[in-house]
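target36.tsv (TSV, C-alpha atoms) appears below.
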```tsv
chain	number	residue	atom	x	y	z
A	1	MET	CA	-15.27	14.27	-9.87
A	2	LYS	CA	-11.52	14.66	-9.42
A	3	THR	CA	-9.42	11.69	-10.54
A	4	ILE	CA	-6.19	10.38	-9.06
A	5	THR	CA	-4.14	7.55	-10.51
A	6	LEU	CA	-1.93	4.92	-8.92
A	7	SER	CA	0.50	3.02	-11.13
A	8	ALA	CA	2.70	-0.03	-10.50
A	9	ASN	CA	4.30	-2.92	-12.35
A	10	SER	CA	1.50	-5.32	-11.31
A	11	SER	CA	-2.09	-5.29	-10.14
A	12	TRP	CA	-0.85	-7.67	-7.43
A	13	TYR	CA	1.30	-4.88	-6.00
A	14	LEU	CA	-1.48	-2.30	-5.94
A	15	TYR	CA	-3.99	-4.71	-4.42
A	16	ASN	CA	-1.67	-6.03	-1.72
A	17	PHE	CA	0.10	-2.79	-0.80
A	18	ARG	CA	-2.30	0.07	-1.62
A	19	SER	CA	-5.83	-1.27	-1.08
A	20	SER	CA	-6.46	0.81	2.05
A	21	THR	CA	-5.27	3.99	0.31
A	22	ILE	CA	-7.51	3.30	-2.69
A	23	ILE	CA	-10.54	2.68	-0.48
A	24	GLU	CA	-9.90	5.83	1.56
A	25	ALA	CA	-9.55	7.94	-1.62
A	26	ILE	CA	-12.87	6.61	-2.94
A	27	ASN	CA	-14.51	7.30	0.42
A	28	ARG	CA	-13.24	10.89	0.20
A	29	GLY	CA	-14.97	11.37	-3.13
A	30	TYR	CA	-12.11	10.86	-5.58
A	31	GLU	CA	-12.33	8.71	-8.67
A	32	VAL	CA	-9.38	6.32	-8.59
A	33	THR	CA	-7.87	4.72	-11.68
A	34	CYS	CA	-5.12	2.12	-11.33
A	35	LEU	CA	-2.61	1.69	-14.14
A	36	SER	CA	-0.86	-1.69	-14.22
A	37	PRO	CA	-0.42	-4.83	-16.28
A	38	THR	CA	-3.40	-7.16	-16.25
A	39	ASP	CA	-2.82	-10.15	-13.97
A	40	ASP	CA	-4.65	-12.50	-11.59
A	41	TYR	CA	-5.28	-9.65	-9.13
A	42	THR	CA	-6.79	-7.14	-11.55
A	43	GLN	CA	-10.38	-8.11	-10.78
A	44	SER	CA	-9.67	-8.04	-7.04
A	45	LEU	CA	-8.32	-4.53	-7.54
A	46	VAL	CA	-11.41	-3.40	-9.44
A	47	SER	CA	-13.63	-4.92	-6.73
A	48	LEU	CA	-12.31	-2.22	-4.37
A	49	GLY	CA	-14.28	0.31	-6.39
A	50	CYS	CA	-11.54	1.76	-8.61
A	51	LYS	CA	-11.15	1.66	-12.40
A	52	HIS	CA	-8.33	-0.20	-14.13
A	53	TYR	CA	-6.38	1.00	-17.16
A	54	PRO	CA	-4.11	-1.75	-18.53
A	55	ILE	CA	-0.52	-0.78	-19.23
A	56	ASN	CA	1.16	-4.04	-20.10
A	57	PHE	CA	4.94	-4.33	-19.98
A	58	ILE	CA	7.57	-6.76	-18.77
A	59	SER	CA	9.62	-5.56	-15.79
A	60	LYS	CA	12.79	-7.40	-16.81
A	61	ASN	CA	12.66	-6.23	-20.44
A	62	SER	CA	15.51	-3.78	-21.14
A	63	ASN	CA	14.93	-3.33	-24.88
A	64	PRO	CA	15.45	0.42	-25.53
A	65	PHE	CA	12.62	0.57	-28.10
A	66	SER	CA	10.16	-1.05	-25.67
A	67	GLU	CA	11.27	1.32	-22.93
A	68	PHE	CA	10.72	4.30	-25.21
A	69	LEU	CA	7.23	3.05	-26.12
A	70	LEU	CA	6.37	2.76	-22.43
A	71	ILE	CA	6.61	6.54	-22.05
A	72	PHE	CA	4.00	6.90	-24.79
A	73	LYS	CA	1.76	4.31	-23.16
A	74	PHE	CA	1.72	6.42	-20.01
A	75	PHE	CA	1.30	9.60	-22.04
A	76	PHE	CA	-1.79	8.32	-23.86
A	77	ALA	CA	-3.20	6.95	-20.60
A	78	TYR	CA	-2.88	10.29	-18.83
A	79	GLN	CA	-4.22	12.12	-21.87
A	80	LYS	CA	-7.37	9.99	-21.67
A	81	ILE	CA	-7.77	9.87	-17.87
A	82	LYS	CA	-6.69	13.45	-17.12
A	83	PRO	CA	-5.83	12.90	-13.43
A	84	MET	CA	-5.27	15.80	-11.04
A	85	ILE	CA	-2.24	13.91	-9.66
A	86	ALA	CA	-0.41	10.68	-10.57
A	87	PHE	CA	1.18	8.39	-7.98
A	88	HIS	CA	3.83	5.96	-9.21
A	89	PHE	CA	5.20	2.84	-7.53
A	90	THR	CA	8.03	0.50	-8.70
A	91	VAL	CA	10.99	1.46	-10.85
A	92	LYS	CA	9.72	1.74	-14.43
A	93	ASN	CA	6.52	3.44	-13.34
A	94	ASN	CA	8.51	5.94	-11.29
A	95	ILE	CA	10.72	6.75	-14.26
A	96	TYR	CA	8.50	6.64	-17.34
A	97	GLY	CA	5.24	7.52	-15.63
A	98	THR	CA	6.82	10.62	-14.11
A	99	ILE	CA	8.20	11.79	-17.46
A	100	ALA	CA	4.85	11.28	-19.18
A	101	ALA	CA	2.82	12.97	-16.44
A	102	ALA	CA	5.18	15.93	-16.12
A	103	SER	CA	5.13	16.50	-19.89
A	104	MET	CA	1.38	17.12	-19.54
A	105	GLY	CA	1.65	19.31	-16.48
A	106	ILE	CA	0.26	16.61	-14.17
A	107	PRO	CA	1.92	16.55	-10.71
A	108	ALA	CA	3.71	13.21	-10.35
A	109	VAL	CA	4.58	11.53	-7.05
A	110	SER	CA	7.15	8.72	-7.00
A	111	ASN	CA	7.45	6.04	-4.35
A	112	ILE	CA	11.05	4.80	-4.34
A	113	SER	CA	11.24	1.75	-2.10
A	114	GLY	CA	14.36	-0.35	-1.66
A	115	LEU	CA	15.81	1.03	-4.91
A	116	GLY	CA	15.01	-2.24	-6.66
A	117	THR	CA	16.91	-5.27	-7.85
A	118	ALA	CA	19.07	-3.10	-10.10
A	119	PHE	CA	20.83	-1.43	-7.15
A	120	ILE	CA	21.75	-4.55	-5.18
A	121	LYS	CA	24.92	-5.04	-7.23
A	122	LYS	CA	26.80	-2.40	-9.20
A	123	SER	CA	26.44	-3.09	-12.91
A	124	LEU	CA	25.70	-1.48	-16.25
A	125	ILE	CA	21.98	-1.83	-15.51
A	126	SER	CA	22.28	-0.13	-12.12
A	127	ASN	CA	24.18	2.75	-13.74
A	128	VAL	CA	21.49	3.13	-16.42
A	129	VAL	CA	18.70	3.06	-13.82
A	130	LEU	CA	20.56	5.63	-11.72
A	131	PHE	CA	20.86	7.89	-14.76
A	132	LEU	CA	17.17	7.49	-15.63
A	133	TYR	CA	16.19	8.27	-12.04
A	134	LYS	CA	18.31	11.44	-12.16
A	135	VAL	CA	16.64	12.53	-15.39
A	136	SER	CA	13.06	11.68	-14.42
A	137	GLN	CA	12.88	12.63	-10.77
A	138	ARG	CA	13.77	16.27	-11.40
A	139	PHE	CA	10.21	16.45	-12.80
A	140	ALA	CA	8.57	14.78	-9.79
A	141	PHE	CA	6.34	16.88	-7.56
A	142	LYS	CA	7.19	14.82	-4.47
A	143	ILE	CA	9.08	11.59	-3.77
A	144	PHE	CA	8.19	9.13	-1.03
A	145	CYS	CA	11.02	6.96	0.31
A	146	GLN	CA	10.80	4.33	2.99
A	147	ASN	CA	14.01	4.40	5.00
A	148	GLU	CA	16.75	6.87	5.84
A	149	GLU	CA	19.45	5.00	3.88
A	150	ASP	CA	17.39	5.34	0.69
A	151	LEU	CA	16.64	9.00	1.45
A	152	ASN	CA	20.36	9.76	1.86
A	153	PHE	CA	21.16	7.76	-1.29
A	154	LEU	CA	18.75	9.91	-3.31
A	155	ILE	CA	20.29	13.10	-1.96
A	156	ASN	CA	23.94	12.02	-2.22
A	157	ASN	CA	23.48	10.80	-5.80
A	158	LYS	CA	21.69	14.01	-6.76
A	159	ILE	CA	18.51	12.19	-7.74
A	160	SER	CA	16.42	14.58	-5.69
A	161	SER	CA	16.69	17.63	-3.52
A	162	LYS	CA	15.84	17.17	0.14
A	163	GLY	CA	12.80	19.42	-0.18
A	164	LYS	CA	11.00	16.95	-2.46
A	165	LEU	CA	11.56	13.92	-0.25
A	166	ILE	CA	9.04	12.58	2.24
A	167	LEU	CA	10.03	9.74	4.57
A	168	ILE	CA	7.16	7.33	5.18
A	169	PRO	CA	6.95	3.99	7.07
A	170	GLY	CA	6.64	1.83	3.98
A	171	SER	CA	3.09	1.03	2.92
A	172	GLY	CA	2.09	0.67	6.56
A	173	VAL	CA	-0.01	-2.12	7.99
A	174	ASP	CA	-3.64	-2.62	8.98
A	175	THR	CA	-3.16	-3.35	12.67
A	176	ASN	CA	-6.77	-4.47	13.08
A	177	ARG	CA	-6.56	-7.04	10.29
A	178	PHE	CA	-3.15	-8.27	11.46
A	179	HIS	CA	-3.92	-8.78	15.12
A	180	PRO	CA	-2.37	-11.13	17.73
A	181	ASN	CA	-5.84	-12.50	18.50
A	182	LEU	CA	-5.64	-14.49	15.26
A	183	ARG	CA	-2.63	-16.39	16.58
A	184	GLU	CA	-4.40	-17.08	19.85
A	185	ASN	CA	-7.21	-18.74	17.89
A	186	TYR	CA	-4.82	-21.33	16.54
A	187	HIS	CA	-2.73	-23.86	18.38
A	188	SER	CA	0.91	-23.11	17.70
A	189	SER	CA	2.85	-25.57	15.61
A	190	ILE	CA	5.06	-26.25	18.65
A	191	SER	CA	2.14	-27.62	20.66
A	192	ASN	CA	0.80	-29.50	17.66
A	193	ASN	CA	3.87	-31.42	16.55
A	194	ASN	CA	6.82	-30.08	18.58
A	195	LYS	CA	8.30	-28.51	15.44
A	196	PHE	CA	9.05	-24.83	15.18
A	197	THR	CA	7.50	-23.25	12.07
A	198	PHE	CA	9.37	-20.62	10.09
A	199	LEU	CA	7.45	-18.65	7.47
A	200	TYR	CA	8.73	-16.76	4.47
A	201	ALA	CA	6.02	-14.53	2.97
A	202	GLY	CA	6.82	-12.36	-0.03
A	203	ARG	CA	7.69	-12.39	-3.69
A	204	MET	CA	9.56	-15.51	-4.74
A	205	LEU	CA	12.85	-13.91	-5.75
A	206	TYR	CA	16.47	-14.95	-5.36
A	207	ASP	CA	17.22	-11.41	-4.12
A	208	LYS	CA	15.06	-12.16	-1.07
A	209	GLY	CA	17.78	-14.61	0.03
A	210	LEU	CA	15.73	-17.74	-0.61
A	211	ASN	CA	18.70	-19.85	-1.70
A	212	GLU	CA	20.40	-19.05	1.60
A	213	LEU	CA	17.15	-19.80	3.45
A	214	LEU	CA	16.86	-23.27	1.92
A	215	GLU	CA	20.51	-24.02	2.68
A	216	ALA	CA	20.16	-22.82	6.28
A	217	PHE	CA	16.95	-24.77	6.80
A	218	GLN	CA	18.44	-28.01	5.50
A	219	ALA	CA	21.55	-27.55	7.66
A	220	LEU	CA	19.37	-26.83	10.69
A	221	ASN	CA	17.48	-30.10	10.23
A	222	LYS	CA	20.47	-32.15	9.11
A	223	HIS	CA	20.68	-34.38	12.20
A	224	GLU	CA	17.14	-34.05	13.52
A	225	SER	CA	13.92	-32.65	12.09
A	226	ILE	CA	13.23	-29.82	14.55
A	227	SER	CA	11.60	-27.21	12.30
A	228	GLU	CA	9.33	-26.64	9.34
A	229	LEU	CA	9.50	-24.00	6.63
A	230	VAL	CA	6.47	-22.57	4.87
A	231	LEU	CA	7.01	-20.58	1.67
A	232	CYS	CA	4.15	-18.28	0.71
A	233	GLY	CA	4.18	-15.67	-2.01
A	234	PHE	CA	3.70	-14.36	-5.50
A	235	VAL	CA	5.74	-15.78	-8.38
A	236	ASP	CA	6.90	-12.57	-10.08
A	237	SER	CA	7.96	-14.19	-13.35
A	238	ASP	CA	8.75	-10.84	-15.00
A	239	ASN	CA	11.41	-9.96	-12.43
A	240	ILE	CA	15.02	-10.74	-13.40
A	241	SER	CA	15.48	-12.32	-9.96
A	242	ALA	CA	12.39	-14.55	-10.21
A	243	ILE	CA	12.42	-18.16	-9.02
A	244	SER	CA	10.64	-20.46	-11.44
A	245	ASN	CA	7.61	-22.56	-10.57
A	246	HIS	CA	9.66	-25.64	-11.46
A	247	GLU	CA	12.29	-24.84	-8.85
A	248	LEU	CA	9.66	-24.02	-6.24
A	249	GLN	CA	8.06	-27.39	-6.87
A	250	SER	CA	11.44	-29.08	-6.37
A	251	TRP	CA	11.93	-27.17	-3.10
A	252	SER	CA	8.57	-28.40	-1.86
A	253	LYS	CA	9.89	-31.96	-2.08
A	254	ILE	CA	12.52	-31.21	0.58
A	255	SER	CA	11.51	-32.71	3.90
A	256	GLY	CA	9.84	-30.10	6.08
A	257	VAL	CA	9.35	-27.53	3.32
A	258	GLU	CA	5.85	-26.52	2.24
A	259	TRP	CA	5.25	-24.28	-0.77
A	260	VAL	CA	1.70	-22.89	-0.53
A	261	GLY	CA	1.74	-20.33	-3.35
A	262	SER	CA	0.25	-16.87	-2.91
A	263	SER	CA	-2.61	-16.05	-0.56
A	264	ASN	CA	-5.14	-13.25	-0.19
A	265	ASN	CA	-5.43	-14.17	3.47
A	266	ILE	CA	-1.80	-14.07	4.53
A	267	GLU	CA	-2.83	-13.30	8.11
A	268	ILE	CA	-4.25	-16.83	8.35
A	269	ILE	CA	-0.92	-18.28	7.18
A	270	MET	CA	0.97	-16.09	9.65
A	271	ALA	CA	-1.31	-17.13	12.51
A	272	LYS	CA	0.07	-20.67	12.30
A	273	ALA	CA	3.75	-19.63	12.28
A	274	ASP	CA	6.21	-19.18	15.14
A	275	CYS	CA	8.63	-16.83	13.39
A	276	ILE	CA	8.77	-14.86	10.14
A	277	VAL	CA	12.06	-14.99	8.23
A	278	LEU	CA	13.28	-12.53	5.58
A	279	PRO	CA	16.93	-12.98	4.51
A	280	SER	CA	16.68	-10.29	1.81
A	281	TYR	CA	19.66	-8.53	0.24
A	282	ARG	CA	17.98	-5.10	0.44
A	283	GLU	CA	14.53	-3.71	1.19
A	284	GLY	CA	12.59	-0.47	1.34
A	285	MET	CA	10.30	-1.13	4.27
A	286	PRO	CA	9.25	-4.79	4.00
A	287	LYS	CA	5.52	-5.19	4.51
A	288	THR	CA	5.87	-8.82	5.54
A	289	LEU	CA	7.89	-7.78	8.64
A	290	LEU	CA	5.30	-5.13	9.48
A	291	GLU	CA	2.37	-7.52	9.11
A	292	ALA	CA	4.10	-10.22	11.14
A	293	GLY	CA	5.08	-7.70	13.82
A	294	SER	CA	1.51	-6.45	13.98
A	295	MET	CA	0.45	-10.03	14.75
A	296	GLY	CA	3.03	-10.35	17.51
A	297	LEU	CA	5.41	-12.56	15.54
A	298	PRO	CA	9.17	-12.25	16.13
A	299	ALA	CA	11.33	-12.10	13.01
A	300	ILE	CA	14.68	-13.13	11.61
A	301	ALA	CA	15.91	-10.63	9.04
A	302	THR	CA	19.15	-9.56	7.43
A	303	ASN	CA	21.09	-6.54	8.67
A	304	VAL	CA	20.35	-4.47	5.55
A	305	PRO	CA	18.48	-1.22	4.81
A	306	GLY	CA	14.76	-1.66	5.35
A	307	CYS	CA	14.99	-4.75	7.55
A	308	ARG	CA	17.10	-3.10	10.21
A	309	ASN	CA	14.76	-0.12	10.25
A	310	ILE	CA	12.11	-2.46	11.66
A	311	ILE	CA	14.01	-5.19	13.51
A	312	THR	CA	16.27	-4.47	16.47
A	313	ASP	CA	18.47	-7.43	17.33
A	314	ASN	CA	17.22	-9.36	20.39
A	315	PHE	CA	14.32	-6.91	20.87
A	316	ASN	CA	11.66	-7.83	18.33
A	317	GLY	CA	13.70	-10.37	16.41
A	318	ILE	CA	17.19	-11.40	15.38
A	319	LEU	CA	19.40	-9.88	12.68
A	320	CYS	CA	21.77	-11.98	10.58
A	321	GLU	CA	24.22	-11.20	7.80
A	322	PRO	CA	23.03	-11.10	4.16
A	323	TYR	CA	24.28	-13.68	1.64
A	324	SER	CA	25.25	-16.02	4.50
A	325	SER	CA	23.35	-19.27	5.05
A	326	THR	CA	25.63	-19.94	8.04
A	327	SER	CA	24.68	-16.69	9.79
A	328	LEU	CA	21.03	-17.35	8.99
A	329	LYS	CA	21.23	-20.90	10.38
A	330	HIS	CA	22.73	-19.60	13.64
A	331	ALA	CA	19.90	-17.06	13.94
A	332	MET	CA	17.31	-19.80	13.36
A	333	GLU	CA	18.97	-21.99	15.99
A	334	LYS	CA	19.03	-19.09	18.43
A	335	ILE	CA	15.34	-18.30	18.13
A	336	ILE	CA	14.31	-21.96	18.39
A	337	ARG	CA	16.26	-22.24	21.67
A	338	LEU	CA	14.54	-19.24	23.27
A	339	ASP	CA	12.16	-20.10	26.08
A	340	LYS	CA	8.48	-19.32	25.51
A	341	ASN	CA	8.53	-16.24	27.73
A	342	LYS	CA	11.39	-14.63	25.81
A	343	LEU	CA	9.78	-15.51	22.49
A	344	SER	CA	6.50	-14.02	23.70
A	345	THR	CA	8.28	-10.83	24.83
A	346	MET	CA	9.85	-10.46	21.38
A	347	GLY	CA	6.42	-10.81	19.82
A	348	ASN	CA	4.92	-8.22	22.17
A	349	ASN	CA	7.76	-5.84	21.35
A	350	ALA	CA	7.12	-6.37	17.64
A	351	ARG	CA	3.44	-5.46	18.02
A	352	SER	CA	4.24	-2.37	20.10
A	353	ARG	CA	6.76	-1.08	17.56
A	354	VAL	CA	4.32	-1.46	14.67
A	355	LEU	CA	1.56	0.34	16.57
A	356	GLU	CA	3.93	3.19	17.38
A	357	LYS	CA	5.67	3.69	14.04
A	358	PHE	CA	4.12	1.74	11.19
A	359	ASP	CA	0.33	1.91	11.35
A	360	GLU	CA	-1.02	2.42	7.81
A	361	THR	CA	-2.97	5.48	8.93
A	362	ILE	CA	0.38	7.33	8.99
A	363	VAL	CA	1.02	6.43	5.33
A	364	ILE	CA	-2.50	7.35	4.23
A	365	LYS	CA	-2.19	10.69	6.03
A	366	ASN	CA	1.00	11.50	4.06
A	367	PHE	CA	-0.72	10.48	0.81
A	368	PHE	CA	-3.52	12.98	1.24
A	369	GLN	CA	-1.26	15.71	2.61
A	370	VAL	CA	0.49	15.69	-0.76
A	371	ILE	CA	-2.86	15.99	-2.56
A	372	ASP	CA	-3.87	18.83	-0.26
A	373	GLN	CA	-0.74	20.76	-1.27
A	374	LEU	CA	-2.21	21.11	-4.76
```

This entry written out as structure tokens:
Amino acid sequence: MKTITLSANSSWYLYNFRSSTIIEAINRGYEVTCLSPTDDYTQSLVSLGCKHYPINFISKNSNPFSEFLLIFKFFFAYQKIKPMIAFHFTVKNNIYGTIAAASMGIPAVSNISGLGTAFIKKSLISNVVLFLYKVSQRFAFKIFCQNEEDLNFLINNKISSKGKLILIPGSGVDTNRFHPNLRENYHSSISNNNKFTFLYAGRMLYDKGLNELLEAFQALNKHESISELVLCGFVDSDNISAISNHELQSWSKISGVEWVGSSNNIEIIMAKADCIVLPSYREGMPKTLLEAGSMGLPAIATNVPGCRNIITDNFNGILCEPYSSTSLKHAMEKIIRLDKNKLSTMGNNARSRVLEKFDETIVIKNFFQVIDQL
């Protein structure tokens, strides 16, 4: 049986973003092995029918010796597994996994999404990561990227030739699982308590604009409690931009804020919301906006790469400026003031756009087209 591998910096990532691809590969007769650190989602990942090979590392660790060892961890893994092709997701896996696979003659496919925390601000780290991408990606067989800005960045910075690049709509979305019917089965929060419910769903990182979100929310409710904010997501403690559990607990004590942790049934959380909000500093193709759009939820998002590839201002949501709690507050006020018909139209537009451009079947098709090229 032919083996393919998928590698990321957490089992959480592979389970939440690549489950459908893994299941489809197994159904097509491939043996699938996932390489990632062991975490709370490892068993859920294995339950899909794949194998798991633990490669434990800390994403925010920049110790050169540890980084060098990581190449050998991938090398020994591929020597044992002997995959026909290796797919890599997230920065360190893209870099070190590609080098290890290529050194053994294994075709390596990178998925460069959002270009990571390191590229949000110019720094020594971003320069090092850029250099490592230039070195490693010359050995990649193909490179998936998720928006045109990232694609042009890779070309302009000579990380990859255009011929290697494949533009895909993020990780796609299961439009049957994330369906507007789920929202219709719940009474909206407006009818329940006359308060508009905003939902943030994603990793709990400062780079997602969560400080600005809390400031905007508190300013919005300063004179009258007119909205609620639900925070739902994975605490990525290894990320340099991670928000601690202690701080999240303190946020949950703010009036109107509810911190619910992570969820394997995010569609149930979304069904009870009126609007998704993602004030991120930069994205690849944010899955939370795709899932919310698939459910007919309008969105507030920042006018940055990734977000603006999904959200068109006043069509399926509202765009605001990054790093600005004031701009975000104005966007939140604007969407609250919309009449129900306009809000419903935005939601319908969101669903239509996802069906047209972001269905996960498009992503899965690209995945297997690359395998077929072998």

(request) Using only C-alpha atoms, collect all residues at a distance of at most 12 Å from (9.1, -20.6, 20.1) as written in the file, then present them as a PyMOL selection string. (result) chain A and resi 188-191+194-198+226-227+272-276+297-299+317+332-347

(request) Work out how far atom CA of A:Phe367 is from atom CA of A:Arg28, in Å to one decimal. (result)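 About the pair atom CA of A:Arg28 and atom CA of A:Phe367: they are 12.5 Å apart.
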
(message) So the first atom is atom CA of A:Gln79 and the second is atom CA of A:Ile143; what is the distance between them in Å, to one decimal place?
(response) 22.5 Å

(request) Please indicate the distance in Å from atom CA of A:Ile310 to atom CA of A:Leu213, rounded to one decimal place. (result)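 Going from atom CA of A:Ile310 over to atom CA of A:Leu213 covers 19.8 Å.
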
(message) Between A:Ala100, A:Leu231, A:Leu289, A:Cys320, which residue has the minimum interatomic distance to A:Pro169, considering all atoms listed in the file?
(response) A:Leu289

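Closest approach to A:Ala301 among A:Leu210, A:Leu355, A:Leu248, A:Val235: A:Leu210, based on all atoms listed in the file.
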
(message) Taking 4 positions as the minimum chain separation for residues in the same chain, which residues sit within 7 Å of A:Val230 when counting all atoms listed in the file? Answer as a list in words.
(response)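 Counting only the stated atoms, we get Phe198, Leu199, Tyr200, Val257, Glu258 and Trp259 of chain A.
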
(message) Counting all atoms listed in the file, which residues sit no farther than 10 Å from the position (5.3, -16.1, 3.3) in the file's frame? I'd like them as number ranges by chain.
(response) A: 198-204, 229-234, 259-263, 266-267, 269-270, 273, 276-278, 288, 292

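If you count all atoms listed in the file and ignore residues fewer than 3 places along the chain from A:Ser36, what sits within 6 Å of it is A:Ser7, A:Ala8, A:Asn9, A:Ser10, A:Ser11, A:Pro54, A:Ile55.
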
Grab the residues selected above and save them as a compact mmCIF listing (two decimals), in the frame of the given file with C-alpha atoms.
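Output file again.txt follows:
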```txt
# COMPACT_ATOMS: atom_id res chain seq x y z
CA SER A 7 0.50 3.02 -11.13
CA ALA A 8 2.70 -0.03 -10.50
CA ASN A 9 4.30 -2.92 -12.35
CA SER A 10 1.50 -5.32 -11.31
CA SER A 11 -2.09 -5.29 -10.14
CA PRO A 54 -4.11 -1.75 -18.53
CA ILE A 55 -0.52 -0.78 -19.23
```

(request) Identify which of the residues A:Met295, A:Leu35, A:Leu70, A:Met84 lies closest to A:Asp372, counting all atoms listed in the file when measuring atom-to-atom distances. (result)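 The shortest atom-to-atom distance to A:Asp372 comes from A:Met84.
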
(request) Point out the residue among A:Ile95, A:Ser325, A:Ile4, A:Tyr41 with the least atom-to-atom distance to A:Val128, counting all atoms listed in the file. (result)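 Among the listed residues, A:Ile95 lies closest to A:Val128.
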